[in-house]
Amino acid sequence: MSFLPFYIPRHAQLRILIIGAGYAGIAALVTVFRHMPRALVTIIDPRPHHLKITHLHETFRYPLEDFQIPFSMLENRYGCRHICAGLAWQADALLQWQNDKSILVNGEILEFDYALIASGSDPAPILESEIVAGLHDFMDIAGSDLWDARVGHDSDGIAEGPITVIGGGATGIQFLFEIAHFLKRRKIRRKLRLIHGDTRVLSPFPAGFSTYAQDRMSEMGIDFYPRTLYREQQRHEVVLEEMESGRQYALPSTFSFLFVGKTRSPLLSTNAFGQVLAGQKTLQNIFAAGDCSSFEAFGSNTCTAQSAVRKGILAARNMLRHSGSLKLLEPYLHRDLGYVISLGPEDAVGWLASEGNVITGMPALVIKEVVEAQYDLLLEGINSYLL
Ligand SMILES: Cc1cc2nc3c(=O)[nH]c(=O)nc-3n(C[C@H](O)[C@H](O)[C@H](O)COP(=O)(O)OP(=O)(O)OC[C@H]3O[C@@H](n4cnc5c(N)ncnc54)[C@H](O)[C@@H]3O)c2cc1C
């Protein structure tokens with residue numbers, strides 16, 4: 001059992017519910033067991049596995065299974081329990097949970113001392129179609145398999161025609177470069193284009209990110225349509241709209257990949273310690289972490305795995321402290337130390353230490369790998385994060 005500052009235990013065992021076991025939920029799980037090995041933890045998640053979602057674009061070169069950690073494995077390692085369910089809630093329900101210290105899941109009443117809500121954010125919904133795919137599709141099938149099943153040949157059996165990628169944010173760009181490299185590896189000669197609503201790709205990041213990524217796109221022969229909106233993918237063409245003039249036009253295209261962002265509802269506000277705020281009331285025993293949470297604190301609320309992990313660790317520590325004799329909780333102060341976006345298997349662009357410090361190529365790739373290795377260590381129960 002590891003030492004936790006400001007924690008004088010009063011209980012050997014707490015009943016803890018973790019609702020959503022992505023980056024934040026897993027970070028909390030590992031932290032709880034580190035300081036309270038006999039805790040009774042129940043994970044509630046609709047998936048059968050933890051998904052390392054930050055690698056999803058890499059499934060154009062690796063099997064999806066490489067990024068899935070079955071919850072059964074965590075059950076065996078920690079003695080926790082996984083219930084396969086997706087929980088829906090509103091503010092009233094959370095007040096009720098706090099009062100009852102129990103929730104109903106799959107017809108079973110689960111009593112708890114503390115609950116952590118870490119259900120992430122959902123990809124923006126897209127119109128379902130055989131000739132359009134979005135982030136959601138990649139959660140169930142690897143990129144290469146999706147290509148073979150749905151993109152490789154159109155409904156006329158023709159293996160040609162341009163491919164359209166929509167969205168030049170971090171997710172869209174990572175997928176765009178993976179698709180470009182996948183086509184190159186397979187020697188598939190199909191035109192690739194990117195449609196984006198802004199003047200430059202990766203617009204929330206420093207201008208150096210955009211210049212570097214757009215130069216690499218030109219080198220790879222990817223056409224770029226800035227200030228353009230996607231309207232519809234039809235059988236052989238995609239309908240687009242110029243943002244300035246509103247003019248609509250069509251370009252040849254047999255398939256569209258849509259990466260148009262995420263919805264963040266329901267977003268839970270928490271105090272600086274991670275406890276959920278319901279109006280004026282602080283829910284002492286219900287915490288939130290990850291993309292679904294907004295902490296009223298100095299720390300970063302970005303939708304990143306780094307912030308999710310830090311929030312998850314902090315929430316778990318504060319649950320334990322809250323249950324102890326001192327009840328002295330730690331505020332959330334984490335600031336992101338960098339962010340790296342991969343541009344295919346051999347290139348990346350990112351910042352380190354300060355946003356002005358843009359790094360590219362091999363150094364950026366190495367940093368990305370170090371960050372990912374740190375998370376893999378956490379999955380093995382080794383916490384190398386400094387909060
Ligand atoms: C392709 C891609 C690449 C990315 N790359 C990076 C990167 O390089 N670096 C970085 O910092 N960030 C990256 N991100 C962002 C990062 O993945 C998220 O910020 C991070 O996953 C958020 O963690 P989370 O725990 O809040 O949510 P998630 O990791 O999404 O986990 C949420 C969990 O909750 C479960 N769940 C959902 N709804 C419910 C419900 N109703 N009840 C119970 N459980 C539920 C889900 O099944 C899931 O297991 C990337 C995202 C994508 C999509």
# chains A, B, ... in the order shown; residues from 1 in each chain; ligands from 1
>>> residues_around(residues="A:His35", least_positions_apart="5", cutoff="7 Å", atoms="only C-alpha atoms", output="ChimeraX atom specification")
/A:1-4
>>> write_last_selection(atoms="N, CA and C atoms", output="PDB file, in the first residue's frame")
ATOM      1  N   MET A   1       0.847  -1.203   0.000  1.00  0.00           N
ATOM      2  CA  MET A   1       0.000   0.000   0.000  1.00  0.00           C
ATOM      3  C   MET A   1       0.881   1.250   0.000  1.00  0.00           C
ATOM      4  N   SER A   2       0.671   2.141  -0.967  1.00  0.00           N
ATOM      5  CA  SER A   2       1.535   3.330  -1.076  1.00  0.00           C
ATOM      6  C   SER A   2       1.047   4.460  -0.179  1.00  0.00           C
ATOM      7  N   PHE A   3       1.997   5.296   0.190  1.00  0.00           N
ATOM      8  CA  PHE A   3       1.692   6.430   1.056  1.00  0.00           C
ATOM      9  C   PHE A   3       0.952   7.520   0.271  1.00  0.00           C
ATOM     10  N   LEU A   4      -0.093   8.059   0.854  1.00  0.00           N
ATOM     11  CA  LEU A   4      -0.816   9.169   0.230  1.00  0.00           C
ATOM     12  C   LEU A   4      -0.834  10.331   1.218  1.00  0.00           C
TER      13      LEU A   4
END
>>> residues_near_ligand(ligand="ligand 1", cutoff="8 Å", atoms="only C-alpha atoms and all ligand atoms", output="mmCIF file with N, CA and C atoms, in the first residue's frame")
data_model
loop_
_atom_site.group_PDB
_atom_site.id
_atom_site.type_symbol
_atom_site.label_atom_id
_atom_site.label_comp_id
_atom_site.auth_asym_id
_atom_site.auth_seq_id
_atom_site.Cartn_x
_atom_site.Cartn_y
_atom_site.Cartn_z
ATOM 1 N N ILE A 19 -18.064 5.018 -13.124
ATOM 2 C CA ILE A 19 -19.022 5.000 -14.236
ATOM 3 C C ILE A 19 -18.308 5.536 -15.476
ATOM 4 N N GLY A 20 -17.883 4.618 -16.332
ATOM 5 C CA GLY A 20 -17.087 4.980 -17.508
ATOM 6 C C GLY A 20 -15.621 4.713 -17.228
ATOM 7 N N ALA A 21 -15.065 3.686 -17.882
ATOM 8 C CA ALA A 21 -13.661 3.321 -17.614
ATOM 9 C C ALA A 21 -12.804 3.570 -18.842
ATOM 10 N N GLY A 22 -12.708 4.850 -19.218
ATOM 11 C CA GLY A 22 -11.747 5.290 -20.229
ATOM 12 C C GLY A 22 -10.488 5.729 -19.493
ATOM 13 N N TYR A 23 -9.836 6.766 -20.002
ATOM 14 C CA TYR A 23 -8.564 7.212 -19.418
ATOM 15 C C TYR A 23 -8.745 7.671 -17.971
ATOM 16 N N ALA A 24 -9.781 8.491 -17.729
ATOM 17 C CA ALA A 24 -9.984 9.008 -16.369
ATOM 18 C C ALA A 24 -10.391 7.879 -15.418
ATOM 19 N N GLY A 25 -11.319 7.028 -15.859
ATOM 20 C CA GLY A 25 -11.818 5.946 -14.998
ATOM 21 C C GLY A 25 -10.719 4.956 -14.643
ATOM 22 N N ILE A 26 -9.894 4.601 -15.631
ATOM 23 C CA ILE A 26 -8.812 3.638 -15.379
ATOM 24 C C ILE A 26 -7.761 4.250 -14.446
ATOM 25 N N ILE A 44 -18.724 0.465 -14.232
ATOM 26 C CA ILE A 44 -19.939 0.363 -15.060
ATOM 27 C C ILE A 44 -19.596 0.981 -16.414
ATOM 28 N N ASP A 45 -19.601 0.178 -17.446
ATOM 29 C CA ASP A 45 -19.210 0.669 -18.776
ATOM 30 C C ASP A 45 -19.908 -0.215 -19.815
ATOM 31 N N PRO A 46 -20.482 0.403 -20.853
ATOM 32 C CA PRO A 46 -21.204 -0.406 -21.849
ATOM 33 C C PRO A 46 -20.300 -1.269 -22.732
ATOM 34 N N ARG A 47 -18.999 -0.966 -22.733
ATOM 35 C CA ARG A 47 -18.088 -1.771 -23.566
ATOM 36 C C ARG A 47 -17.560 -2.960 -22.766
ATOM 37 N N HIS A 49 -14.479 -3.774 -22.919
ATOM 38 C CA HIS A 49 -13.049 -3.530 -22.742
ATOM 39 C C HIS A 49 -12.782 -2.039 -22.575
ATOM 40 N N HIS A 50 -11.641 -1.757 -21.977
ATOM 41 C CA HIS A 50 -11.123 -0.383 -21.992
ATOM 42 C C HIS A 50 -10.536 -0.154 -23.369
ATOM 43 N N LEU A 51 -10.871 0.988 -23.985
ATOM 44 C CA LEU A 51 -10.380 1.281 -25.337
ATOM 45 C C LEU A 51 -9.356 2.411 -25.252
ATOM 46 N N LYS A 52 -8.144 2.138 -25.752
ATOM 47 C CA LYS A 52 -7.118 3.194 -25.802
ATOM 48 C C LYS A 52 -7.417 4.035 -27.046
ATOM 49 N N ILE A 53 -8.372 4.937 -26.854
ATOM 50 C CA ILE A 53 -8.976 5.650 -27.998
ATOM 51 C C ILE A 53 -7.965 6.560 -28.712
ATOM 52 N N THR A 54 -6.911 6.973 -28.000
ATOM 53 C CA THR A 54 -5.925 7.872 -28.625
ATOM 54 C C THR A 54 -5.151 7.161 -29.752
ATOM 55 N N HIS A 55 -5.327 5.844 -29.862
ATOM 56 C CA HIS A 55 -4.617 5.085 -30.917
ATOM 57 C C HIS A 55 -5.536 4.696 -32.081
ATOM 58 N N LEU A 56 -6.799 5.137 -32.037
ATOM 59 C CA LEU A 56 -7.783 4.597 -32.980
ATOM 60 C C LEU A 56 -7.369 4.761 -34.453
ATOM 61 N N HIS A 57 -6.757 5.897 -34.784
ATOM 62 C CA HIS A 57 -6.339 6.139 -36.177
ATOM 63 C C HIS A 57 -5.262 5.143 -36.607
ATOM 64 N N ALA A 85 -23.019 -1.858 -18.777
ATOM 65 C CA ALA A 85 -24.214 -1.005 -18.844
ATOM 66 C C ALA A 85 -23.792 0.425 -19.121
ATOM 67 N N GLY A 86 -24.673 1.158 -19.775
ATOM 68 C CA GLY A 86 -24.459 2.598 -19.965
ATOM 69 C C GLY A 86 -25.458 3.325 -19.085
ATOM 70 N N LEU A 87 -24.981 4.212 -18.240
ATOM 71 C CA LEU A 87 -25.888 4.903 -17.308
ATOM 72 C C LEU A 87 -26.260 6.263 -17.860
ATOM 73 N N ALA A 88 -27.530 6.618 -17.770
ATOM 74 C CA ALA A 88 -27.957 7.969 -18.146
ATOM 75 C C ALA A 88 -28.367 8.679 -16.858
ATOM 76 N N ILE A 117 -17.948 9.719 -11.934
ATOM 77 C CA ILE A 117 -18.528 9.720 -13.286
ATOM 78 C C ILE A 117 -17.422 10.137 -14.254
ATOM 79 N N ALA A 118 -17.114 9.247 -15.184
ATOM 80 C CA ALA A 118 -16.017 9.505 -16.134
ATOM 81 C C ALA A 118 -16.412 8.931 -17.490
ATOM 82 N N SER A 119 -17.561 9.393 -17.996
ATOM 83 C CA SER A 119 -18.118 8.759 -19.200
ATOM 84 C C SER A 119 -17.672 9.418 -20.503
ATOM 85 N N GLY A 120 -16.693 10.341 -20.439
ATOM 86 C CA GLY A 120 -16.091 10.881 -21.659
ATOM 87 C C GLY A 120 -17.024 11.799 -22.422
ATOM 88 N N SER A 121 -16.753 11.934 -23.720
ATOM 89 C CA SER A 121 -17.629 12.731 -24.592
ATOM 90 C C SER A 121 -17.921 11.891 -25.824
ATOM 91 N N ASP A 122 -19.055 12.165 -26.456
ATOM 92 C CA ASP A 122 -19.452 11.355 -27.615
ATOM 93 C C ASP A 122 -19.039 12.018 -28.915
ATOM 94 N N PRO A 123 -18.655 11.211 -29.921
ATOM 95 C CA PRO A 123 -18.431 11.810 -31.231
ATOM 96 C C PRO A 123 -19.727 12.461 -31.704
ATOM 97 N N LEU A 135 -16.015 8.656 -36.390
ATOM 98 C CA LEU A 135 -15.196 8.110 -35.303
ATOM 99 C C LEU A 135 -15.833 6.878 -34.656
ATOM 100 N N ALA A 170 -7.487 17.887 -34.650
ATOM 101 C CA ALA A 170 -6.456 16.904 -34.294
ATOM 102 C C ALA A 170 -6.854 15.483 -34.725
ATOM 103 N N THR A 171 -8.104 15.108 -34.503
ATOM 104 C CA THR A 171 -8.533 13.747 -34.855
ATOM 105 C C THR A 171 -8.550 13.559 -36.370
ATOM 106 N N GLY A 172 -9.151 14.511 -37.095
ATOM 107 C CA GLY A 172 -9.235 14.411 -38.557
ATOM 108 C C GLY A 172 -7.857 14.328 -39.197
ATOM 109 N N GLN A 174 -5.011 13.291 -37.833
ATOM 110 C CA GLN A 174 -4.321 12.016 -37.536
ATOM 111 C C GLN A 174 -4.866 10.903 -38.427
ATOM 112 N N PHE A 175 -6.192 10.895 -38.633
ATOM 113 C CA PHE A 175 -6.781 9.890 -39.524
ATOM 114 C C PHE A 175 -6.364 10.137 -40.976
ATOM 115 N N ALA A 289 -14.611 13.198 -13.623
ATOM 116 C CA ALA A 289 -13.259 13.383 -14.186
ATOM 117 C C ALA A 289 -13.306 13.122 -15.686
ATOM 118 N N GLY A 290 -12.296 13.628 -16.390
ATOM 119 C CA GLY A 290 -12.196 13.366 -17.831
ATOM 120 C C GLY A 290 -12.991 14.365 -18.661
ATOM 121 N N ASP A 291 -13.220 13.994 -19.918
ATOM 122 C CA ASP A 291 -13.856 14.907 -20.878
ATOM 123 C C ASP A 291 -15.251 15.355 -20.449
ATOM 124 N N CYS A 292 -15.935 14.577 -19.610
ATOM 125 C CA CYS A 292 -17.305 14.940 -19.228
ATOM 126 C C CYS A 292 -17.323 15.937 -18.072
ATOM 127 N N SER A 293 -16.145 16.361 -17.621
ATOM 128 C CA SER A 293 -16.100 17.213 -16.425
ATOM 129 C C SER A 293 -15.462 18.558 -16.716
ATOM 130 N N THR A 302 -8.854 20.858 -20.743
ATOM 131 C CA THR A 302 -8.865 20.455 -22.151
ATOM 132 C C THR A 302 -9.362 19.005 -22.277
ATOM 133 N N CYS A 303 -9.951 18.707 -23.427
ATOM 134 C CA CYS A 303 -10.399 17.328 -23.689
ATOM 135 C C CYS A 303 -9.195 16.535 -24.186
ATOM 136 N N THR A 304 -8.301 16.203 -23.275
ATOM 137 C CA THR A 304 -7.125 15.420 -23.648
ATOM 138 C C THR A 304 -6.988 14.253 -22.674
ATOM 139 N N ALA A 305 -6.291 13.227 -23.143
ATOM 140 C CA ALA A 305 -6.062 12.062 -22.285
ATOM 141 C C ALA A 305 -5.219 12.465 -21.076
ATOM 142 N N GLN A 306 -4.283 13.393 -21.303
ATOM 143 C CA GLN A 306 -3.428 13.834 -20.185
ATOM 144 C C GLN A 306 -4.247 14.423 -19.051
ATOM 145 N N SER A 307 -5.183 15.334 -19.412
ATOM 146 C CA SER A 307 -6.011 15.952 -18.377
ATOM 147 C C SER A 307 -6.929 14.906 -17.747
ATOM 148 N N ALA A 308 -7.457 14.011 -18.586
ATOM 149 C CA ALA A 308 -8.370 12.984 -18.063
ATOM 150 C C ALA A 308 -7.667 12.119 -17.015
ATOM 151 N N VAL A 309 -6.437 11.714 -17.320
ATOM 152 C CA VAL A 309 -5.687 10.862 -16.380
ATOM 153 C C VAL A 309 -5.428 11.627 -15.084
ATOM 154 N N GLY A 312 -8.585 11.934 -13.102
ATOM 155 C CA GLY A 312 -8.968 10.630 -12.534
ATOM 156 C C GLY A 312 -8.142 10.300 -11.302
ATOM 157 N N TYR A 339 1.548 18.710 -26.297
ATOM 158 C CA TYR A 339 0.543 17.950 -27.048
ATOM 159 C C TYR A 339 1.152 17.609 -28.409
ATOM 160 N N VAL A 340 1.065 16.348 -28.768
ATOM 161 C CA VAL A 340 1.680 15.922 -30.040
ATOM 162 C C VAL A 340 0.616 15.265 -30.924
ATOM 163 N N ILE A 341 0.615 15.643 -32.181
ATOM 164 C CA ILE A 341 -0.338 15.091 -33.157
ATOM 165 C C ILE A 341 0.461 14.285 -34.172
ATOM 166 N N SER A 342 0.082 13.026 -34.354
ATOM 167 C CA SER A 342 0.871 12.217 -35.285
ATOM 168 C C SER A 342 0.427 12.504 -36.719
ATOM 169 N N LYS A 368 5.662 11.576 -28.175
ATOM 170 C CA LYS A 368 4.356 10.904 -28.200
ATOM 171 C C LYS A 368 4.493 9.488 -27.649
#
>>> residues_around(residues="A:Asp376", least_positions_apart="3", cutoff="12 Å", atoms="only C-alpha atoms", output="MDAnalysis selection string")
chainID A and resid 23 26:27 30 52 66:69 309 369:373 379:385
>>> residues_around(residues="A:Ile126", least_positions_apart="4", cutoff="9 Å", atoms="only C-alpha atoms", output="number ranges by chain")
A: 132-134, 258, 260
>>> atom_distance(atom1="atom CA of A:Gly161", atom2="atom CA of A:Arg190")
6.1 Å
>>> closest_residue(among="A:Leu94, A:Met243, A:Val238, A:Leu104", to="A:Arg193", atoms="only C-alpha atoms")
A:Val238
>>> closest_residue(among="A:Asn99, A:Phe255, A:Pro37, A:Thr59", to="A:Glu111", atoms="only C-alpha atoms")
A:Asn99
>>> select_by_dssp(residues="stretch 203-327 of chain A", states="helix (DSSP H, G or I)", output="PyMOL selection string")
chain A and resi 207-219+290-292+305-323
>>> write_last_selection(atoms="C-alpha atoms", output="CSV table (one decimal), in the first residue's frame")
chain,number,residue,atom,x,y,z
A,207,ALA,CA,0.4,28.5,-36.6
A,208,GLY,CA,3.6,26.3,-36.8
A,209,PHE,CA,1.4,23.2,-36.5
A,210,SER,CA,-0.8,24.2,-39.5
A,211,THR,CA,2.1,25.2,-41.7
A,212,TYR,CA,3.9,21.9,-41.0
A,213,ALA,CA,0.9,19.7,-41.5
A,214,GLN,CA,-0.3,21.5,-44.7
A,215,ASP,CA,3.2,21.3,-46.2
A,216,ARG,CA,3.2,17.5,-45.5
A,217,MET,CA,-0.3,17.3,-47.1
A,218,SER,CA,1.0,19.0,-50.3
A,219,GLU,CA,4.0,16.6,-50.4
A,290,GLY,CA,-12.2,13.4,-17.8
A,291,ASP,CA,-13.9,14.9,-20.9
A,292,CYS,CA,-17.3,14.9,-19.2
A,305,ALA,CA,-6.1,12.1,-22.3
A,306,GLN,CA,-3.4,13.8,-20.2
A,307,SER,CA,-6.0,16.0,-18.4
A,308,ALA,CA,-8.4,13.0,-18.1
A,309,VAL,CA,-5.7,10.9,-16.4
A,310,ARG,CA,-4.7,13.7,-14.0
A,311,LYS,CA,-8.3,14.4,-13.1
A,312,GLY,CA,-9.0,10.6,-12.5
A,313,ILE,CA,-5.9,10.3,-10.3
A,314,LEU,CA,-6.9,13.4,-8.3
A,315,ALA,CA,-10.5,12.3,-7.9
A,316,ALA,CA,-9.5,8.9,-6.6
A,317,ARG,CA,-7.0,10.4,-4.1
A,318,ASN,CA,-9.6,12.9,-2.9
A,319,MET,CA,-12.3,10.2,-2.4
A,320,LEU,CA,-9.8,8.3,-0.1
A,321,ARG,CA,-8.9,11.5,1.7
A,322,HIS,CA,-12.5,12.5,2.1
A,323,SER,CA,-13.2,9.1,3.8
>>> closest_residue(among="A:Pro204, A:Pro162, A:Gly79, A:Gly168", to="A:His236", atoms="only C-alpha atoms")
A:Pro162
>>> select_by_dssp(residues="stretch 153-329 of chain A", states="strand (DSSP E or B)", output="NGL selection string")
:A and (163-166 or 192-195 or 223-225 or 228-233 or 237-242 or 248-252 or 255-258 or 262-263 or 268-270 or 275-278 or 281-288 or 293-295)
>>> atom_distance(atom1="atom CA of A:Trp147", atom2="atom CA of A:Asp223")
20.2 Å
>>> atom_distance(atom1="atom CA of A:Leu386", atom2="atom CA of A:Leu333")
11.1 Å
>>> closest_residue(among="A:Ile166, A:Leu40, A:Leu14, A:Leu110", to="A:Gly261", atoms="only C-alpha atoms")
A:Ile166
>>> residues_around(residues="A:Glu178", least_positions_apart="6", cutoff="8 Å", atoms="only C-alpha atoms", output="ChimeraX atom specification")
/A:57-58,60,343-345
